[in-house]
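One file, target-v9.cif, is given below (mmCIF, C-alpha atoms).
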data_data
#
loop_
_atom_site.label_atom_id
_atom_site.label_comp_id
_atom_site.auth_asym_id
_atom_site.auth_seq_id
_atom_site.Cartn_x
_atom_site.Cartn_y
_atom_site.Cartn_z
CA MET A 88 38.20 16.07 -53.65
CA ILE A 89 41.01 15.94 -51.09
CA SER A 90 44.49 15.58 -52.55
CA GLU A 91 45.81 12.06 -52.06
CA LYS A 92 49.20 13.58 -51.20
CA LEU A 93 47.71 14.42 -47.80
CA PHE A 94 46.91 10.77 -47.09
CA HIS A 95 49.81 10.00 -44.75
CA GLY A 96 47.75 7.57 -42.70
CA TYR A 97 48.32 5.81 -39.40
CA ASP A 98 51.71 6.32 -37.72
CA ASP A 99 52.91 3.34 -35.65
CA LYS A 100 55.44 5.60 -33.84
CA PHE A 101 52.81 8.17 -32.93
CA ILE A 102 53.08 7.64 -29.16
CA PRO A 103 56.50 9.01 -28.06
CA ASN A 104 59.19 6.36 -27.60
CA GLN A 105 56.74 3.56 -28.44
CA VAL A 106 55.79 1.47 -31.46
CA VAL A 107 52.16 0.40 -31.88
CA LEU A 108 51.87 -1.72 -35.01
CA LEU A 109 48.69 -2.36 -36.96
CA PRO A 110 46.58 -5.38 -36.02
CA LYS A 111 47.85 -8.47 -37.81
CA LEU A 112 45.52 -10.37 -40.13
CA ASN A 113 45.44 -14.16 -40.31
CA GLN A 114 46.35 -16.07 -43.47
CA GLU A 115 42.79 -16.27 -44.77
CA GLN A 116 42.24 -12.55 -44.23
CA CYS A 117 45.51 -11.66 -45.99
CA ALA A 118 44.24 -13.54 -49.05
CA ASP A 119 41.04 -11.45 -48.92
CA LEU A 120 42.72 -8.03 -48.79
CA VAL A 121 41.83 -5.18 -51.11
CA SER A 122 44.76 -3.28 -52.66
CA ASP A 123 44.69 0.24 -54.05
CA ASP A 124 45.76 1.16 -57.58
CA ASN A 125 49.39 1.31 -56.40
CA GLY A 126 49.29 -2.19 -54.93
CA ASN A 127 49.08 -1.04 -51.28
CA ASP A 128 46.91 -3.21 -49.04
CA VAL A 129 47.01 -0.66 -46.21
CA ILE A 130 44.72 2.13 -47.40
CA ASN A 131 45.87 5.49 -46.00
CA TYR A 132 43.76 8.56 -45.27
CA ILE A 133 44.51 11.57 -43.06
CA ASN A 134 45.48 10.51 -39.53
CA TYR A 135 44.06 7.01 -40.05
CA SER A 136 44.41 3.90 -42.19
CA LEU A 137 42.40 0.74 -42.82
CA GLN A 138 42.51 -2.69 -44.38
CA GLN A 139 39.53 -3.71 -46.48
CA SER A 140 37.95 -7.14 -47.00
CA ALA A 141 37.26 -7.93 -50.67
CA SER A 142 34.60 -10.55 -49.93
CA HIS A 143 32.69 -8.56 -47.29
CA ARG A 144 33.42 -5.13 -48.82
CA PHE A 145 33.81 -3.70 -45.32
CA PRO A 146 37.03 -2.89 -43.41
CA PHE A 147 38.66 -5.55 -41.26
CA PHE A 148 39.66 -2.63 -39.04
CA THR A 149 40.56 1.04 -39.05
CA ALA A 150 43.61 2.38 -37.20
CA THR A 151 43.53 5.95 -35.92
CA ASN A 152 46.01 8.31 -34.28
CA ILE A 153 44.41 10.88 -31.97
CA ASP A 154 46.36 13.93 -30.75
CA GLY A 155 44.46 15.60 -27.92
CA LYS A 156 46.78 18.60 -27.83
CA ALA A 157 46.39 19.38 -31.55
CA PHE A 158 42.62 18.79 -31.69
CA LYS A 159 40.64 21.42 -33.60
CA LYS A 160 36.94 22.07 -33.17
CA ILE A 161 35.33 22.49 -36.59
CA SER A 162 31.83 22.17 -38.01
CA ARG A 163 30.72 18.89 -39.53
CA GLN A 164 31.51 18.85 -43.25
CA GLY A 165 31.83 16.05 -45.75
CA SER A 166 29.82 13.89 -48.10
CA TRP A 167 30.04 10.13 -48.58
CA ARG A 168 31.79 8.83 -51.69
CA LYS A 169 33.63 5.75 -52.89
CA ASP A 170 37.41 5.75 -52.79
CA PRO A 171 38.61 6.11 -56.41
CA ARG A 172 41.89 4.34 -55.59
CA ILE A 173 40.20 0.94 -55.27
CA SER A 174 37.64 -0.91 -57.36
CA LYS A 175 34.05 0.30 -56.94
CA LEU A 176 33.02 -3.35 -56.81
CA LEU A 177 35.03 -3.87 -53.60
CA GLN A 178 33.25 -1.20 -51.54
CA PHE A 179 29.58 -0.54 -50.86
CA GLY A 180 27.95 2.80 -51.57
CA ARG A 181 24.46 4.01 -52.33
CA GLU A 182 23.49 0.62 -53.73
CA LEU A 183 23.51 -0.67 -50.14
CA TYR A 184 22.69 2.38 -48.04
CA GLY A 185 19.84 3.42 -50.34
CA ALA A 186 18.31 -0.03 -50.78
CA PRO A 187 14.80 -0.92 -49.55
CA LYS A 188 14.77 -1.68 -45.79
CA SER A 189 18.19 -0.06 -45.35
CA ASP A 190 17.07 1.54 -42.10
CA PHE A 191 20.63 2.02 -40.95
CA ASP A 192 23.28 4.72 -41.03
CA ARG A 193 26.63 4.89 -42.74
CA GLY A 194 28.49 4.11 -39.54
CA HIS A 195 31.94 5.68 -39.26
CA MET A 196 34.51 3.17 -38.04
CA THR A 197 37.10 5.90 -37.52
CA LYS A 198 35.12 8.63 -35.81
CA ARG A 199 35.08 11.94 -37.71
CA GLU A 200 36.15 14.01 -34.70
CA ASP A 201 39.00 11.65 -33.79
CA VAL A 202 41.08 12.78 -36.77
CA GLN A 203 40.29 16.50 -36.38
CA TRP A 204 43.78 17.49 -35.37
CA GLY A 205 46.86 18.99 -36.95
CA ASP A 206 48.93 22.16 -37.08
CA THR A 207 46.10 24.11 -38.73
CA ALA A 208 42.31 24.08 -38.88
CA GLY A 209 42.61 23.35 -42.60
CA ILE A 210 44.49 20.12 -41.98
CA ALA A 211 41.94 19.10 -39.34
CA LEU A 212 39.07 19.87 -41.73
CA ASN A 213 40.59 17.79 -44.52
CA ALA A 214 41.16 14.94 -42.08
CA ALA A 215 37.52 15.05 -40.99
CA LYS A 216 36.38 15.02 -44.62
CA SER A 217 38.56 12.00 -45.31
CA THR A 218 36.47 9.91 -42.92
CA PHE A 219 33.55 10.09 -45.36
CA TYR A 220 34.86 7.45 -47.72
CA TYR A 221 32.61 4.38 -47.86
CA THR A 222 35.62 2.21 -47.03
CA ASN A 223 35.37 3.71 -43.53
CA SER A 224 31.69 2.84 -43.12
CA VAL A 225 29.69 -0.19 -42.03
CA PRO A 226 25.87 -0.31 -41.73
CA GLN A 227 24.89 0.66 -38.20
CA HIS A 228 21.40 0.97 -36.80
CA LYS A 229 20.36 4.59 -36.47
CA ASP A 230 19.97 4.28 -32.69
CA LEU A 231 23.44 2.83 -32.25
CA ASN A 232 25.58 5.97 -32.15
CA GLN A 233 23.08 7.90 -30.06
CA ASP A 234 23.56 5.86 -26.91
CA ILE A 235 26.44 4.47 -24.91
CA TRP A 236 28.77 3.70 -27.86
CA LYS A 237 28.73 7.40 -28.74
CA SER A 238 29.17 8.27 -25.08
CA LEU A 239 32.16 5.97 -24.88
CA GLU A 240 33.73 7.49 -28.01
CA ASP A 241 33.09 11.02 -26.78
CA TYR A 242 34.56 10.17 -23.39
CA ILE A 243 37.74 8.75 -24.97
CA LEU A 244 38.19 11.83 -27.14
CA HIS A 245 37.03 14.74 -25.00
CA ASN A 246 37.36 13.65 -21.36
CA GLU A 247 40.65 11.79 -21.67
CA THR A 248 42.61 12.47 -24.86
CA LYS A 249 41.74 16.11 -25.44
CA GLN A 250 41.53 17.23 -21.81
CA ASN A 251 44.81 15.55 -20.87
CA GLU A 252 46.55 16.33 -24.20
CA LEU A 253 47.29 12.66 -24.80
CA ARG A 254 48.42 10.83 -27.90
CA ILE A 255 46.59 7.53 -28.30
CA CYS A 256 46.00 4.86 -30.93
CA VAL A 257 42.53 3.46 -31.57
CA PHE A 258 41.59 0.37 -33.55
CA THR A 259 37.95 -0.14 -34.52
CA GLY A 260 36.08 -2.57 -36.72
CA PRO A 261 33.18 -4.91 -37.32
CA VAL A 262 33.26 -8.64 -36.67
CA LEU A 263 33.35 -10.02 -40.22
CA SER A 264 32.08 -13.57 -39.94
CA SER A 265 30.34 -16.19 -42.03
CA SER A 266 27.83 -16.30 -39.16
CA ASN A 267 26.73 -12.70 -39.71
CA PRO A 268 23.01 -12.37 -40.53
CA TYR A 269 21.78 -11.56 -44.02
CA PHE A 270 20.27 -8.24 -45.02
CA VAL A 271 16.66 -8.81 -46.07
CA THR A 272 17.21 -6.94 -49.36
CA PRO A 273 19.55 -8.54 -51.93
CA ILE A 274 22.04 -6.13 -53.52
CA GLY A 275 22.50 -6.84 -57.22
CA LYS A 276 20.87 -10.24 -56.70
CA THR A 277 23.46 -11.02 -54.01
CA GLN A 278 22.63 -11.56 -50.34
CA ILE A 279 24.75 -9.31 -48.12
CA GLN A 280 25.78 -10.16 -44.57
CA ILE A 281 25.49 -7.27 -42.11
CA PRO A 282 27.87 -7.23 -39.12
CA SER A 283 26.10 -7.50 -35.78
CA LEU A 284 29.12 -6.88 -33.58
CA PHE A 285 31.62 -4.03 -33.42
CA TRP A 286 34.78 -3.68 -31.37
CA LYS A 287 37.18 -0.95 -30.27
CA VAL A 288 40.65 -1.14 -28.71
CA ILE A 289 42.43 1.89 -27.22
CA VAL A 290 46.21 1.81 -26.75
CA PHE A 291 47.66 4.54 -24.55
CA GLN A 292 50.70 5.37 -22.43
CA LYS A 293 50.46 5.96 -18.70
CA GLU A 294 52.76 8.04 -16.54
CA ASP A 295 54.85 4.94 -15.78
CA GLY A 296 55.95 4.96 -19.44
CA HIS A 297 54.29 1.63 -20.29
CA LEU A 298 51.68 0.98 -22.95
CA TYR A 299 48.22 -0.15 -21.87
CA ARG A 300 45.21 -1.33 -23.83
CA VAL A 301 41.49 -1.66 -23.18
CA GLY A 302 38.83 -3.26 -25.36
CA PHE A 303 35.10 -2.85 -25.90
CA MET A 304 32.46 -4.67 -27.91
CA MET A 305 29.00 -3.57 -28.97
CA SER A 306 26.04 -5.41 -30.49
CA GLN A 307 23.35 -4.13 -32.82
CA ASN A 308 21.78 -7.55 -33.29
CA LYS A 309 18.59 -6.85 -31.37
CA LEU A 310 18.05 -3.48 -33.06
CA LEU A 311 18.41 -4.98 -36.54
CA ILE A 312 16.04 -7.83 -35.77
CA GLU A 313 13.40 -5.59 -34.21
CA ASN A 314 13.41 -3.38 -37.31
CA HIS A 315 13.24 -6.38 -39.67
CA ILE A 316 16.52 -5.36 -41.32
CA ILE A 317 18.17 -8.78 -41.01
CA GLU A 318 17.00 -12.35 -41.01
CA GLU A 319 16.84 -13.58 -37.42
CA LEU A 320 19.66 -15.86 -36.33
CA GLU A 321 19.14 -19.39 -35.15
CA ALA A 322 18.96 -19.59 -31.36
CA ASP A 323 21.93 -21.97 -31.13
CA ASP A 324 24.39 -19.63 -32.84
CA GLN A 325 26.84 -19.23 -29.97
CA LEU A 326 28.82 -16.42 -31.60
CA PHE A 327 26.01 -13.96 -31.11
CA MET A 328 24.11 -15.34 -28.13
CA GLN A 329 26.42 -13.75 -25.59
CA PHE A 330 25.98 -10.39 -27.36
CA LYS A 331 22.41 -10.72 -28.56
CA ASP A 332 21.13 -7.47 -27.02
CA ALA A 333 21.84 -3.88 -28.04
CA ASP A 334 24.51 -3.29 -25.44
CA THR A 335 28.13 -2.27 -25.04
CA TYR A 336 30.61 -4.31 -23.01
CA GLN A 337 34.16 -4.05 -21.79
CA VAL A 338 35.83 -7.30 -22.77
CA ASN A 339 39.14 -9.06 -22.68
CA ILE A 340 41.01 -8.33 -25.89
CA SER A 341 41.60 -12.05 -26.32
CA LEU A 342 37.87 -12.33 -27.02
CA ILE A 343 38.09 -9.64 -29.72
CA GLU A 344 40.98 -11.57 -31.26
CA GLU A 345 39.00 -14.82 -31.14
CA LEU A 346 35.95 -13.33 -32.81
CA THR A 347 37.78 -11.26 -35.44
CA GLY A 348 40.76 -13.48 -36.26
CA LEU A 349 43.04 -10.46 -35.79
CA LYS A 350 46.11 -10.20 -33.58
CA ILE A 351 45.95 -6.93 -31.62
CA PRO A 352 49.25 -5.19 -30.66
CA GLU A 353 50.53 -6.25 -27.25
CA ALA A 354 50.28 -3.95 -24.22
CA ILE A 355 49.49 -4.21 -20.52
CA GLU A 356 45.80 -5.00 -20.10
CA PRO A 357 44.27 -3.88 -16.77
CA TYR A 358 41.00 -5.67 -17.44
CA THR A 359 41.47 -9.41 -16.89
CA ASP A 360 38.04 -10.50 -15.73
CA THR A 361 36.57 -13.46 -17.58
CA ARG A 362 33.18 -11.74 -17.63
CA ASN A 363 32.03 -9.54 -20.47
CA THR A 364 31.00 -6.54 -18.43
CA LYS A 365 28.05 -4.52 -19.64
CA LEU A 366 28.54 -0.76 -19.63
CA VAL A 367 25.58 1.39 -18.71
CA LEU A 368 25.15 5.14 -18.73
CA LYS A 369 23.87 5.74 -15.21
CA GLU A 370 25.79 3.13 -13.24
CA ILE A 371 29.17 1.56 -13.86
CA ASP A 372 29.83 -1.25 -11.42
CA ILE A 373 33.57 -0.77 -11.06
CA ASP A 374 33.80 -2.62 -7.81
CA PRO A 375 31.15 -3.94 -5.38
CA GLU A 376 32.69 -1.79 -2.64
CA LEU A 377 32.53 1.41 -4.68
CA GLU A 378 29.47 3.59 -4.92
CA SER A 379 27.76 3.82 -8.31
CA PHE A 380 28.53 6.80 -10.47
CA SER A 381 25.90 9.49 -10.74
CA GLN A 382 24.05 10.13 -13.98
CA GLU A 383 26.03 13.33 -14.46
CA GLU A 384 29.32 11.43 -14.24
CA GLU A 385 28.15 8.74 -16.68
CA LEU A 386 31.35 7.44 -18.28
CA GLY A 387 33.53 9.79 -16.25
CA TYR A 388 35.98 7.12 -15.11
CA LYS A 389 39.51 7.26 -16.46
CA ILE A 390 40.46 4.82 -19.21
CA GLU A 391 43.35 3.39 -17.22
CA ASN A 392 41.03 2.61 -14.30
CA ILE A 393 38.21 0.90 -16.21
CA LYS A 394 38.41 -2.66 -14.91
CA LEU A 395 34.80 -3.31 -13.95
#

Written form, structure tokens:
Amino acid sequence: MISEKLFHGYDDKFIPNQVVLLPKLNQEQCADLVSDDNGNDVINYINYSLQQSASHRFPFFTATNIDGKAFKKISRQGSWRKDPRISKLLQFGRELYGAPKSDFDRGHMTKREDVQWGDTAGIALNAAKSTFYYTNSVPQHKDLNQDIWKSLEDYILHNETKQNELRICVFTGPVLSSSNPYFVTPIGKTQIQIPSLFWKVIVFQKEDGHLYRVGFMMSQNKLLIENHIIEELEADDQLFMQFKDADTYQVNISLIEELTGLKIPEAIEPYTDTRNTKLVLKEIDIDPELESFSQEEELGYKIENIKL
């Protein structure tokens, strides 16, 4: 067990000379917050923090600091467990992930590698292990992290943050909605709603000294339906119809705010198109006048230039 004294959590002054606050919950969400045994409703881990929904038993969001200069490469270590600081009844564990028809993974919201930084390899290792609390997981289809969402996360970490020794802030979470589909297997005689949509916002500083932000959204709806994991949604459910396929999109952050009910920290947003632009591995249509990227380049387009 990692000492809780190490759990210093997300730092809103992590980017030099800037303040990037946590996403702000609405009134209804604030009333649904889980607190730890010390009364804290921001649950801190190593290099990241989260706020947990009591009714959904999943995080509203996780907030992560990533230091590309201090990144340490270490082997994958860690085992999933419930956080002893909060009630076991307010977080899912094996009862969900081991249930019949649970053909999904324990999906990290804060990516394990993203927190693998610090002054020593030991600190980085403890940070990585701290991502294996169930509070940091949401059911994700097993194919989800093996495609473009993983490629996007790897690009953010390795191609941009690590290579350029950047400090960035990343917010990630599921869309927790009353419209989410139900898992086909009741848990403790209770029907559980599984999130279909996930979102990610990256806040970073450019050479001009200003903060910028970009947002992405991903759907696992089609994958869950095809594997008979969830009950199929009605065709007129508008929340999910625009993201009904298993795809990843760059979106306006105002859409993420609309769907989640959260208020994301302000920053300059290069992407202002009203479309929800689908990202693909082999071709990214940045501009009609630009040539498509090669397969080898894949997501090799700098964060600050992703406008699509």

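Take the candidates A:Met304, A:Leu284, A:Ile210, A:Leu112 and check each one against Leu239 in chain A using all atoms listed in the file; the shortest distance goes to A:Met304.
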
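Taking CA of Gly165 in chain A as the reference point, CA of Ser224 in chain A is found at 13.5 Å.
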
Practice item. Taking the file above as input, evaluate the PyMOL selection byres ((chain A and resi 227) around 6) and report the hits as a PyMOL selection string. Key: chain A and resi 191-192+194+226+228

Point to revise | Which residue of A:Arg144, A:His315, A:Arg168, A:His297 approaches Ile279 in chain A most closely, using all atoms listed in the file | key: A:Arg144

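Once the PyMOL selection byres ((chain A and resi 97-103) around 7) is applied to the shown structure, the selection contains His95, Gly96, Asn104, Gln105, Val106, Val107, Leu108, Asn134, Tyr135, Ser136, Ala150, Thr151, Asn152, Arg254 and Ile255 of chain A.
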
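Of the listed residues (A:Thr248, A:Asn127, A:Asn339, A:Gln203), A:Thr248 comes nearest to Gln292 in chain A; the distances count all atoms listed in the file.
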
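What the PyMOL selection byres ((chain A and resi 298) around 9) matches in the given file is A:Gln105, A:Val107, A:Val290, A:Phe291, A:Gln292, A:Lys293, A:Asp295, A:Gly296, A:His297, A:Tyr299, A:Arg300, A:Glu353, A:Ala354, A:Ile355, A:Glu356.
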
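For the pair CA of Arg199 in chain A and CA of Phe219 in chain A, the interatomic distance is 8.0 Å.
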
Review point. Taking (45.2, -2.3, -53.8) in the file's coordinates, which residues come within 12 Å, counting all atoms listed in the file, written as a PyMOL selection string?
Key: chain A and resi 119-131+137-141+170-175+177

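Between CA of Glu252 in chain A and CA of Lys156 in chain A there is a distance of 4.3 Å.
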
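The list of residues with at least one atom within 10 Å of Asn314 in chain A, based on all atoms listed in the file and without residues fewer than 4 positions apart in the same chain, reads A:Lys188, A:Ser189, A:Asp190, A:Phe191, A:His228, A:Lys309, A:Leu310.
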
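Proximity of A:Ala186, A:Ala211, A:Ala157, A:Met196 to Ile133 in chain A, computed with all atoms listed in the file, is greatest for A:Ala211.
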
Review point. Got a sec to check which residues sit within 9 Å of (33.3, 4.1, -39.6), counting all atoms listed in the file, and write them as a ChimeraX atom specification?
Key: /A:146,149,193-199,218-226,259-260

**Study point:** Residue neighbourhood Ile351 in chain A, 9 Å, all atoms listed in the file, exclusion window fewer than 2 positions, as a VMD selection string
**Key:** chain A and resid 108 to 111 258 288 340 to 341 343 to 344 349 353
